[in-house]
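Report on the following structure.
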Amino acid sequence: MIESWRWYGDLDRITLPEIAQTGATGIVTALHEIPYGEVWPEPDIAARKARIEAAGFHWVVVESLPIHERIKRGEGDLAPLFANYRQSMANLAANGIHTICYNFMPLLDWTRTDLAAPVARGGTCLRFSAPRMAAFELFMLGRAEAEADYSPQALQAAAIWHQQATEAERAALLAAIMAGLPGAFDRYDVPGLRRALKGYEGINRDALRANYRRFLQEVVPAAEDLGMRLCVHPDDPPRDILGLPRIVSSAADLDWVLSAVDSPANGITLCSGSLGANPANDVPAIARATASRIHFAHLRNVRRDPDGSFEEAAHLDGDTDMVALIAALLAEEARRSATGRADAVIPFRPDHGHEILSDIGRGTVPGYPLIGRLRGLAELRGVVRALSHPATRHA
Ligand code: DNO
């Protein structure tokens, strides 16, 4: 497995020389400054690549080449947007970059309600509280239908939270919910979010799937020709949110994606933390079932609460069996090597991390601190090494 690290370019307070000290050799990044839907110019890609290589890394995965909301909504003349996506892929391929992570979540990307929840032995983690999300939907956004999406306990706790919350706490909740959107574009305030949600009125699960299938039909053949591997990131959390359908949340959804256009170029990002937030998802089993189409792995763990809340645990703690998952990925790599597949090695990155030690107060991107992720990487590296050692294979 290739150890990689997500770097946000100039938006990141963590520098490439710092990342070098983690031992990771791959960089995962994007041209975050380019608005969604526009072509990534070839010279800009080349310049970013040169900078990464000068620091001693390879640019192994693009995360993300985002999909414009109009494609997700199936709205208007989409031909220019599809053409732009294909052109960006061609420009990346011309620079030797062949793996692209993206998502098909309407409006929001990953969603949390607390960016600095305390961890028992010190430091903070990202947390999704079902009561706070319910409070946001019902009382701040005024979406009465959201009542149907939460348990009675969560609704009760939501009402209490909202009564007691200060203005600053409500503002922090909105900021936390928006924090998952990478780069500088498309963050919403409450009125803006209401307007954006209106754009999705009438788009149910089937309609969203139809729009997704159309996107895949438009870009996967070009990806195949370019030797490009697309890998969709699962929904985070893996459930409908704000009344918006989410269609990449379960084993069945992933099957649908992979068969919508049945091509090796149409693959997945196995994100253990996203999938693991739903107790119905057996993440190692999903990895085994989709193995040949996994082009990238995000490794992290979550601890779930009965009311639908969850928080990010240390990488080897939490409810997902990380050792079994890594074993499944290594088995797939061995299968690929045996059949001579050129992409036998799967890049992974330690996904998210607790803010600990000198991370605290540094102001790094939420979920992406230096020391917390370094801890995660070191733990994962240990598992990979141990499971790859002949002594364990024959034990
Ligand atoms: C969260 C990330 C996601 C991911 C996108 C891919 O930390 O894993 O934001 O980058 O969903 O498009």
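Residue numbering restarts at 1 for every chain of the structure tokens, chains are lettered A, B, ... in their displayed order, and ligands are numbered from 1 as they appear.
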
Please identify every polymer residue within 9 Å of ligand 1, using only C-alpha atoms and all ligand atoms, and present the set as a PDB file with N, CA, C and O atoms, in the first residue's frame.
```pdb
ATOM      1  N   ARG A   6      -3.039  13.822   2.666  1.00  0.00           N
ATOM      2  CA  ARG A   6      -3.781  14.895   2.008  1.00  0.00           C
ATOM      3  C   ARG A   6      -3.177  16.253   2.354  1.00  0.00           C
ATOM      4  O   ARG A   6      -3.008  16.594   3.534  1.00  0.00           O
ATOM      5  N   GLU A  63      -7.829  14.570  -5.148  1.00  0.00           N
ATOM      6  CA  GLU A  63      -8.999  14.575  -4.264  1.00  0.00           C
ATOM      7  C   GLU A  63      -9.305  16.028  -3.963  1.00  0.00           C
ATOM      8  O   GLU A  63      -8.548  16.662  -3.250  1.00  0.00           O
ATOM      9  N   SER A  64     -10.373  16.481  -4.563  1.00  0.00           N
ATOM     10  CA  SER A  64     -11.283  15.896  -5.517  1.00  0.00           C
ATOM     11  C   SER A  64     -11.248  16.704  -6.804  1.00  0.00           C
ATOM     12  O   SER A  64     -10.859  17.863  -6.802  1.00  0.00           O
ATOM     13  N   LEU A  65     -11.745  16.068  -7.883  1.00  0.00           N
ATOM     14  CA  LEU A  65     -12.146  16.841  -9.058  1.00  0.00           C
ATOM     15  C   LEU A  65     -13.664  16.945  -8.913  1.00  0.00           C
ATOM     16  O   LEU A  65     -14.398  16.009  -9.243  1.00  0.00           O
ATOM     17  N   PRO A  66     -14.138  18.080  -8.349  1.00  0.00           N
ATOM     18  CA  PRO A  66     -15.533  18.117  -7.905  1.00  0.00           C
ATOM     19  C   PRO A  66     -16.530  18.139  -9.063  1.00  0.00           C
ATOM     20  O   PRO A  66     -16.222  18.623 -10.152  1.00  0.00           O
ATOM     21  N   ILE A  67     -17.691  17.623  -8.772  1.00  0.00           N
ATOM     22  CA  ILE A  67     -18.775  17.594  -9.761  1.00  0.00           C
ATOM     23  C   ILE A  67     -19.696  18.770  -9.496  1.00  0.00           C
ATOM     24  O   ILE A  67     -20.152  18.968  -8.363  1.00  0.00           O
ATOM     25  N   ILE A 100      -8.598   9.663  -9.625  1.00  0.00           N
ATOM     26  CA  ILE A 100      -9.407  10.822  -9.241  1.00  0.00           C
ATOM     27  C   ILE A 100     -10.513  10.405  -8.282  1.00  0.00           C
ATOM     28  O   ILE A 100     -11.364   9.575  -8.611  1.00  0.00           O
ATOM     29  N   CYS A 101     -10.494  11.009  -7.105  1.00  0.00           N
ATOM     30  CA  CYS A 101     -11.543  10.803  -6.113  1.00  0.00           C
ATOM     31  C   CYS A 101     -12.561  11.943  -6.257  1.00  0.00           C
ATOM     32  O   CYS A 101     -12.180  13.087  -6.513  1.00  0.00           O
ATOM     33  N   TYR A 102     -13.823  11.625  -6.117  1.00  0.00           N
ATOM     34  CA  TYR A 102     -14.881  12.646  -6.205  1.00  0.00           C
ATOM     35  C   TYR A 102     -16.044  12.135  -5.364  1.00  0.00           C
ATOM     36  O   TYR A 102     -16.006  11.004  -4.853  1.00  0.00           O
ATOM     37  N   ASN A 103     -17.055  12.953  -5.193  1.00  0.00           N
ATOM     38  CA  ASN A 103     -18.237  12.431  -4.491  1.00  0.00           C
ATOM     39  C   ASN A 103     -19.481  12.869  -5.233  1.00  0.00           C
ATOM     40  O   ASN A 103     -19.432  13.753  -6.094  1.00  0.00           O
ATOM     41  N   PHE A 104     -20.583  12.247  -4.873  1.00  0.00           N
ATOM     42  CA  PHE A 104     -21.859  12.623  -5.493  1.00  0.00           C
ATOM     43  C   PHE A 104     -22.868  12.985  -4.402  1.00  0.00           C
ATOM     44  O   PHE A 104     -24.039  12.633  -4.475  1.00  0.00           O
ATOM     45  N   MET A 105     -22.386  13.693  -3.362  1.00  0.00           N
ATOM     46  CA  MET A 105     -23.281  14.131  -2.287  1.00  0.00           C
ATOM     47  C   MET A 105     -23.916  15.458  -2.706  1.00  0.00           C
ATOM     48  O   MET A 105     -23.194  16.399  -3.057  1.00  0.00           O
ATOM     49  N   LEU A 108     -23.764  19.333   0.295  1.00  0.00           N
ATOM     50  CA  LEU A 108     -22.738  19.282   1.337  1.00  0.00           C
ATOM     51  C   LEU A 108     -21.791  18.129   1.077  1.00  0.00           C
ATOM     52  O   LEU A 108     -22.156  17.164   0.423  1.00  0.00           O
ATOM     53  N   ASP A 109     -20.601  18.241   1.640  1.00  0.00           N
ATOM     54  CA  ASP A 109     -19.654  17.125   1.617  1.00  0.00           C
ATOM     55  C   ASP A 109     -19.760  16.480   3.001  1.00  0.00           C
ATOM     56  O   ASP A 109     -20.861  16.372   3.533  1.00  0.00           O
ATOM     57  N   TRP A 110     -18.662  16.110   3.632  1.00  0.00           N
ATOM     58  CA  TRP A 110     -18.787  15.471   4.957  1.00  0.00           C
ATOM     59  C   TRP A 110     -19.402  16.469   5.941  1.00  0.00           C
ATOM     60  O   TRP A 110     -19.153  17.668   5.863  1.00  0.00           O
ATOM     61  N   THR A 111     -20.188  15.945   6.847  1.00  0.00           N
ATOM     62  CA  THR A 111     -20.945  16.826   7.736  1.00  0.00           C
ATOM     63  C   THR A 111     -20.773  16.414   9.193  1.00  0.00           C
ATOM     64  O   THR A 111     -21.014  15.266   9.562  1.00  0.00           O
ATOM     65  N   GLY A 180     -17.156  20.921   6.046  1.00  0.00           N
ATOM     66  CA  GLY A 180     -16.724  19.813   5.195  1.00  0.00           C
ATOM     67  C   GLY A 180     -16.494  20.213   3.754  1.00  0.00           C
ATOM     68  O   GLY A 180     -15.907  19.460   2.992  1.00  0.00           O
ATOM     69  N   LEU A 181     -16.976  21.398   3.384  1.00  0.00           N
ATOM     70  CA  LEU A 181     -16.802  21.802   1.991  1.00  0.00           C
ATOM     71  C   LEU A 181     -15.370  22.279   1.785  1.00  0.00           C
ATOM     72  O   LEU A 181     -14.955  23.262   2.395  1.00  0.00           O
ATOM     73  N   PRO A 182     -14.613  21.580   0.960  1.00  0.00           N
ATOM     74  CA  PRO A 182     -13.207  21.952   0.794  1.00  0.00           C
ATOM     75  C   PRO A 182     -13.075  23.214  -0.055  1.00  0.00           C
ATOM     76  O   PRO A 182     -13.991  23.566  -0.795  1.00  0.00           O
ATOM     77  N   CYS A 231     -12.802   7.224  -8.645  1.00  0.00           N
ATOM     78  CA  CYS A 231     -13.211   6.477  -7.440  1.00  0.00           C
ATOM     79  C   CYS A 231     -14.109   7.339  -6.565  1.00  0.00           C
ATOM     80  O   CYS A 231     -13.660   8.311  -5.953  1.00  0.00           O
ATOM     81  N   VAL A 232     -15.364   6.965  -6.510  1.00  0.00           N
ATOM     82  CA  VAL A 232     -16.327   7.765  -5.768  1.00  0.00           C
ATOM     83  C   VAL A 232     -16.119   7.592  -4.256  1.00  0.00           C
ATOM     84  O   VAL A 232     -15.840   6.499  -3.775  1.00  0.00           O
ATOM     85  N   HIS A 233     -16.247   8.697  -3.565  1.00  0.00           N
ATOM     86  CA  HIS A 233     -16.146   8.685  -2.105  1.00  0.00           C
ATOM     87  C   HIS A 233     -17.539   8.462  -1.533  1.00  0.00           C
ATOM     88  O   HIS A 233     -18.490   9.112  -1.962  1.00  0.00           O
ATOM     89  N   PRO A 234     -17.690   7.577  -0.550  1.00  0.00           N
ATOM     90  CA  PRO A 234     -19.025   7.351   0.017  1.00  0.00           C
ATOM     91  C   PRO A 234     -19.553   8.580   0.751  1.00  0.00           C
ATOM     92  O   PRO A 234     -18.791   9.467   1.155  1.00  0.00           O
ATOM     93  N   ASP A 235     -20.855   8.600   0.930  1.00  0.00           N
ATOM     94  CA  ASP A 235     -21.507   9.696   1.642  1.00  0.00           C
ATOM     95  C   ASP A 235     -21.094   9.699   3.115  1.00  0.00           C
ATOM     96  O   ASP A 235     -20.947   8.649   3.724  1.00  0.00           O
ATOM     97  N   ASP A 236     -20.962  10.900   3.650  1.00  0.00           N
ATOM     98  CA  ASP A 236     -20.518  11.016   5.042  1.00  0.00           C
ATOM     99  C   ASP A 236     -21.345  12.102   5.733  1.00  0.00           C
ATOM    100  O   ASP A 236     -21.164  13.282   5.413  1.00  0.00           O
ATOM    101  N   THR A 269     -13.592   4.849  -3.687  1.00  0.00           N
ATOM    102  CA  THR A 269     -12.677   5.166  -2.595  1.00  0.00           C
ATOM    103  C   THR A 269     -13.250   4.461  -1.379  1.00  0.00           C
ATOM    104  O   THR A 269     -14.372   4.756  -0.967  1.00  0.00           O
ATOM    105  N   CYS A 271     -13.770   4.385   1.987  1.00  0.00           N
ATOM    106  CA  CYS A 271     -13.581   5.239   3.156  1.00  0.00           C
ATOM    107  C   CYS A 271     -14.212   4.565   4.353  1.00  0.00           C
ATOM    108  O   CYS A 271     -15.440   4.514   4.493  1.00  0.00           O
ATOM    109  N   GLY A 273     -14.234   5.325   7.483  1.00  0.00           N
ATOM    110  CA  GLY A 273     -14.923   6.166   8.454  1.00  0.00           C
ATOM    111  C   GLY A 273     -16.308   6.552   7.992  1.00  0.00           C
ATOM    112  O   GLY A 273     -17.262   6.560   8.781  1.00  0.00           O
ATOM    113  N   SER A 274     -16.452   6.874   6.727  1.00  0.00           N
ATOM    114  CA  SER A 274     -17.775   7.245   6.214  1.00  0.00           C
ATOM    115  C   SER A 274     -18.712   6.048   6.292  1.00  0.00           C
ATOM    116  O   SER A 274     -19.788   6.121   6.887  1.00  0.00           O
ATOM    117  N   HIS A 298      -9.356   5.437   2.304  1.00  0.00           N
ATOM    118  CA  HIS A 298      -9.289   6.387   3.424  1.00  0.00           C
ATOM    119  C   HIS A 298      -9.461   5.561   4.682  1.00  0.00           C
ATOM    120  O   HIS A 298     -10.518   4.953   4.869  1.00  0.00           O
ATOM    121  N   ASP A 351      -7.005   8.947   7.296  1.00  0.00           N
ATOM    122  CA  ASP A 351      -8.055   9.943   7.099  1.00  0.00           C
ATOM    123  C   ASP A 351      -8.342  10.589   8.445  1.00  0.00           C
ATOM    124  O   ASP A 351      -8.507   9.895   9.450  1.00  0.00           O
ATOM    125  N   HIS A 352      -8.388  11.863   8.457  1.00  0.00           N
ATOM    126  CA  HIS A 352      -8.654  12.648   9.675  1.00  0.00           C
ATOM    127  C   HIS A 352      -7.721  12.213  10.806  1.00  0.00           C
ATOM    128  O   HIS A 352      -6.939  11.283  10.667  1.00  0.00           O
ATOM    129  N   PRO A 366      -9.997  21.532   9.650  1.00  0.00           N
ATOM    130  CA  PRO A 366     -10.650  20.601  10.588  1.00  0.00           C
ATOM    131  C   PRO A 366     -10.548  19.156  10.113  1.00  0.00           C
ATOM    132  O   PRO A 366     -10.808  18.855   8.951  1.00  0.00           O
ATOM    133  N   GLY A 367     -10.125  18.295  11.027  1.00  0.00           N
ATOM    134  CA  GLY A 367      -9.962  16.881  10.678  1.00  0.00           C
ATOM    135  C   GLY A 367      -8.592  16.550  10.128  1.00  0.00           C
ATOM    136  O   GLY A 367      -8.234  15.383  10.019  1.00  0.00           O
ATOM    137  N   TYR A 368      -7.817  17.569   9.785  1.00  0.00           N
ATOM    138  CA  TYR A 368      -6.533  17.329   9.093  1.00  0.00           C
ATOM    139  C   TYR A 368      -5.323  17.923   9.815  1.00  0.00           C
ATOM    140  O   TYR A 368      -4.515  18.623   9.216  1.00  0.00           O
TER     141      TYR A 368
END
```

Could you name the residues that touch region 198-212 of chain A at 8 Å or less, counting only C-alpha atoms, but leaving out those on the same chain fewer than 5 positions away, as a list in words? Ile71, Lys72, Arg73, Gly74, Phe104, Leu244, Pro245, Arg246 and Ile247 of chain A

Considering only C-alpha atoms, can you say which of A:Arg336, A:Arg341, A:Arg239, A:His32 comes closest to Ser309 (chain A)? A:Arg239

Give me every strand (DSSP E or B) residue in region 60-171 of chain A, going by DSSP on the backbone, as a PyMOL selection string. chain A and resi 60-63+99-103+114-118+124-128

Could the residues in this selection be written to a file with C-alpha atoms, as a PDB file, in the first residue's frame?
```
ATOM      1  CA  VAL A  60      -0.789   9.883  -6.347  1.00  0.00           C
ATOM      2  CA  VAL A  61      -4.458  10.865  -6.192  1.00  0.00           C
ATOM      3  CA  VAL A  62      -6.543  13.896  -7.047  1.00  0.00           C
ATOM      4  CA  GLU A  63      -8.999  14.575  -4.264  1.00  0.00           C
ATOM      5  CA  THR A  99      -6.569   8.417  -9.983  1.00  0.00           C
ATOM      6  CA  ILE A 100      -9.407  10.822  -9.241  1.00  0.00           C
ATOM      7  CA  CYS A 101     -11.543  10.803  -6.113  1.00  0.00           C
ATOM      8  CA  TYR A 102     -14.881  12.646  -6.205  1.00  0.00           C
ATOM      9  CA  ASN A 103     -18.237  12.431  -4.491  1.00  0.00           C
ATOM     10  CA  ASP A 114     -18.758  19.638  16.388  1.00  0.00           C
ATOM     11  CA  LEU A 115     -15.232  20.216  15.138  1.00  0.00           C
ATOM     12  CA  ALA A 116     -13.579  20.038  18.561  1.00  0.00           C
ATOM     13  CA  ALA A 117     -15.334  17.497  20.761  1.00  0.00           C
ATOM     14  CA  PRO A 118     -13.184  16.550  23.750  1.00  0.00           C
ATOM     15  CA  THR A 124     -10.280  16.892  20.348  1.00  0.00           C
ATOM     16  CA  CYS A 125     -12.082  15.032  17.593  1.00  0.00           C
ATOM     17  CA  LEU A 126     -14.807  15.602  15.020  1.00  0.00           C
ATOM     18  CA  ARG A 127     -18.270  14.565  16.127  1.00  0.00           C
ATOM     19  CA  PHE A 128     -21.691  14.169  14.543  1.00  0.00           C
TER      20      PHE A 128
END
```

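Here CA of Ala171 (chain A) stands at a distance of 21.1 Å from CA of Pro237 (chain A).
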
Identify, with DSSP run on backbone atoms, the residues in region 166-390 of chain A assigned to alpha helix (DSSP H), and express the list as a ChimeraX atom specification. /A:167-178,190-198,205-226,251-260,272-276,283-290,322-338,370-388,390

Closest to Phe57 (chain A) among A:Ser263, A:Asn91, A:Gln217, A:Thr29, using only C-alpha atoms?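 Going through A:Ser263, A:Asn91, A:Gln217, A:Thr29 one by one, the smallest distance to Phe57 (chain A) is for A:Thr29.
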
If I take CA of Leu31 (chain A) and CA of Glu379 (chain A), how far is one from the other in Å, to one decimal? 29.4 Å

Using only C-alpha atoms, can you tell me which of A:Trp7, A:Thr392, A:His295, A:Val257 comes closest to Ala342 (chain A)? A:His295

Can you work out the spacing between CA of Val248 (chain A) and CA of His58 (chain A) in Å, to one decimal?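 Spanning CA of Val248 (chain A) to CA of His58 (chain A) is a straight-line distance of 28.8 Å.
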
Hey, what's within 10 Å of Glu137 (chain A) if we count only C-alpha atoms and toss same-chain stuff fewer than 4 positions away? As a VMD selection string, please? chain A and resid 131 to 133 141 to 147 158 241 to 243

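The nearest approach to Glu69 (chain A) among the residues A:Pro41, A:Pro35, A:Gly26, A:Gly96, with only C-alpha atoms taken into account, belongs to A:Pro35.
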
Between A:Leu81, A:Ala50, A:Ala130, A:Ala135, which residue has the minimum interatomic distance to Ser151 (chain A), considering only C-alpha atoms? A:Ala130

Pick from A:Arg195, A:Thr25, A:Leu230, A:Ser129, whichever lies nearest to Ile97 (chain A) using only C-alpha atoms: A:Leu230

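All residues of protein, DNA or RNA that reach within 12 Å of Asp10 (chain A), judged by only C-alpha atoms and not counting those fewer than 3 positions away in the chain, are Trp7, Arg13, Ile14, Thr15, Leu16, Thr29, Ala30, Leu31, His32, Glu33, Arg48, Arg51, Ile52, Gly183, Ala184, Thr364 and Val365 of chain A.
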
Only C-alpha atoms, please: the residues just picked out, written as a PDB file, in the first residue's frame.
```pdb
ATOM      1  CA  TRP A   7      -2.290  18.322   1.465  1.00  0.00           C
ATOM      2  CA  ARG A  13      -0.708  25.403   7.219  1.00  0.00           C
ATOM      3  CA  ILE A  14       1.146  22.110   7.069  1.00  0.00           C
ATOM      4  CA  THR A  15       4.129  22.244   4.735  1.00  0.00           C
ATOM      5  CA  LEU A  16       5.525  19.605   2.414  1.00  0.00           C
ATOM      6  CA  THR A  29      -4.374  17.074  -3.396  1.00  0.00           C
ATOM      7  CA  ALA A  30      -6.478  19.195  -5.711  1.00  0.00           C
ATOM      8  CA  LEU A  31      -6.394  22.574  -7.400  1.00  0.00           C
ATOM      9  CA  HIS A  32      -8.730  23.878  -4.714  1.00  0.00           C
ATOM     10  CA  GLU A  33      -8.595  27.404  -6.069  1.00  0.00           C
ATOM     11  CA  ARG A  48       1.549  21.822  -8.774  1.00  0.00           C
ATOM     12  CA  ARG A  51       6.231  21.533  -6.589  1.00  0.00           C
ATOM     13  CA  ILE A  52       5.162  18.223  -5.063  1.00  0.00           C
ATOM     14  CA  GLY A 183     -11.705  25.024  -0.800  1.00  0.00           C
ATOM     15  CA  ALA A 184     -13.223  28.459  -0.792  1.00  0.00           C
ATOM     16  CA  THR A 364      -5.140  23.470  10.482  1.00  0.00           C
ATOM     17  CA  VAL A 365      -8.056  22.305   8.338  1.00  0.00           C
TER      18      VAL A 365
END
```

Would you pick out the contacts of Leu270 (chain A) at 12 Å or less, using only C-alpha atoms, so that residues sharing its chain but fewer than 5 positions from it are not included, and give the list as JSON, numbers by chain? {"A": [101, 102, 103, 231, 232, 233, 234, 235, 248, 249, 250, 251, 254, 275, 276, 283, 284, 285, 286, 287, 288, 289, 290, 291, 292, 293, 294, 295, 296, 297, 298, 299, 300, 325, 326, 328, 329, 346, 347, 348, 349, 351]}
